[in-house]
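To start, the structure itself, in C-alpha cells.
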Amino acid sequence: MPLLAQGSSDIIGEIRPPAPVQGTYGVLGEGAGLTGFLSDMIVLITIVGGIWFLINILIGGFTLITSNGDSKKMSEFGTRLSMMIVGLILMVGAPLIAALIGFMVFGDTMALLNPTLVGPGN
C-alpha cells in the first residue's frame, strides 16, 4: 500500500484554516492585514487594562475598609488610587491624543488610529 496517493507529492496533505478565521488578517494591502491585527491588539490591551483597573479598585477598597484607621494602609490606598487614575487617564487619553494629532497633521481623526497602508505599486 503506497504512502502517497497517485499523482501527489505531498506527504502531509493540505492544511486549510477553519472557515471563521480564513481571511481575517490577510497580506498587507489585502483586507485588514497588519493594521487590523494591531488595532485588535490595542482593543484587547484596553479591555484587559479596564478589567485590571476594576480589580485594583476592589482590592484598594478592601484595603481601605480593613485599614481600621491605620495610616500606613490608608497611605497605601491613596498611592494605589492615584496610580490607577493616572493609568486610566493614559489608557483613555492615548487614543484621544492620537485622534487630535491625526486631525492636526493629516486632517482626519482616524489617520493614526486606522491607517491605510499603500503598497509599492500604488
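Numbering starts fresh at 1 for the residues of each chain in the C-alpha cells, the chains themselves are lettered A, B, ... in the order given, and ligands are numbered from 1 as they appear.
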
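Near Met91 (chain A), within a cut-off of 10 Å and counting only C-alpha atoms, sit the residues Ile45, Thr46, Ile47, Gly49, Gly50, Ile85, Val86 and Leu96 of chain A, with same-chain residues fewer than 5 positions away left out.
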
Open item on the list: I need the alpha helix (DSSP H) residues of region 20-116 of chain A per DSSP on the backbone, written as a ChimeraX atom specification.
Closed with: /A:33-65,71-106

Task: Separation of CA of Gly60 (chain A) from CA of Phe77 (chain A), in Å and rounded to one decimal - done: 5.6 Å

Open item on the list: So that I can check the surroundings of Ala98 (chain A), please list as a PyMOL selection string every protein, DNA and RNA residue that reaches within 10 Å of it, counting only C-alpha atoms and ignoring chain neighbours fewer than 5 positions away.
Closed with: chain A and resi 93+103-104+109-113

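For the atom pair formed by CA of Asn56 (chain A) and CA of Pro95 (chain A), the distance is 22.6 Å, given to one decimal.
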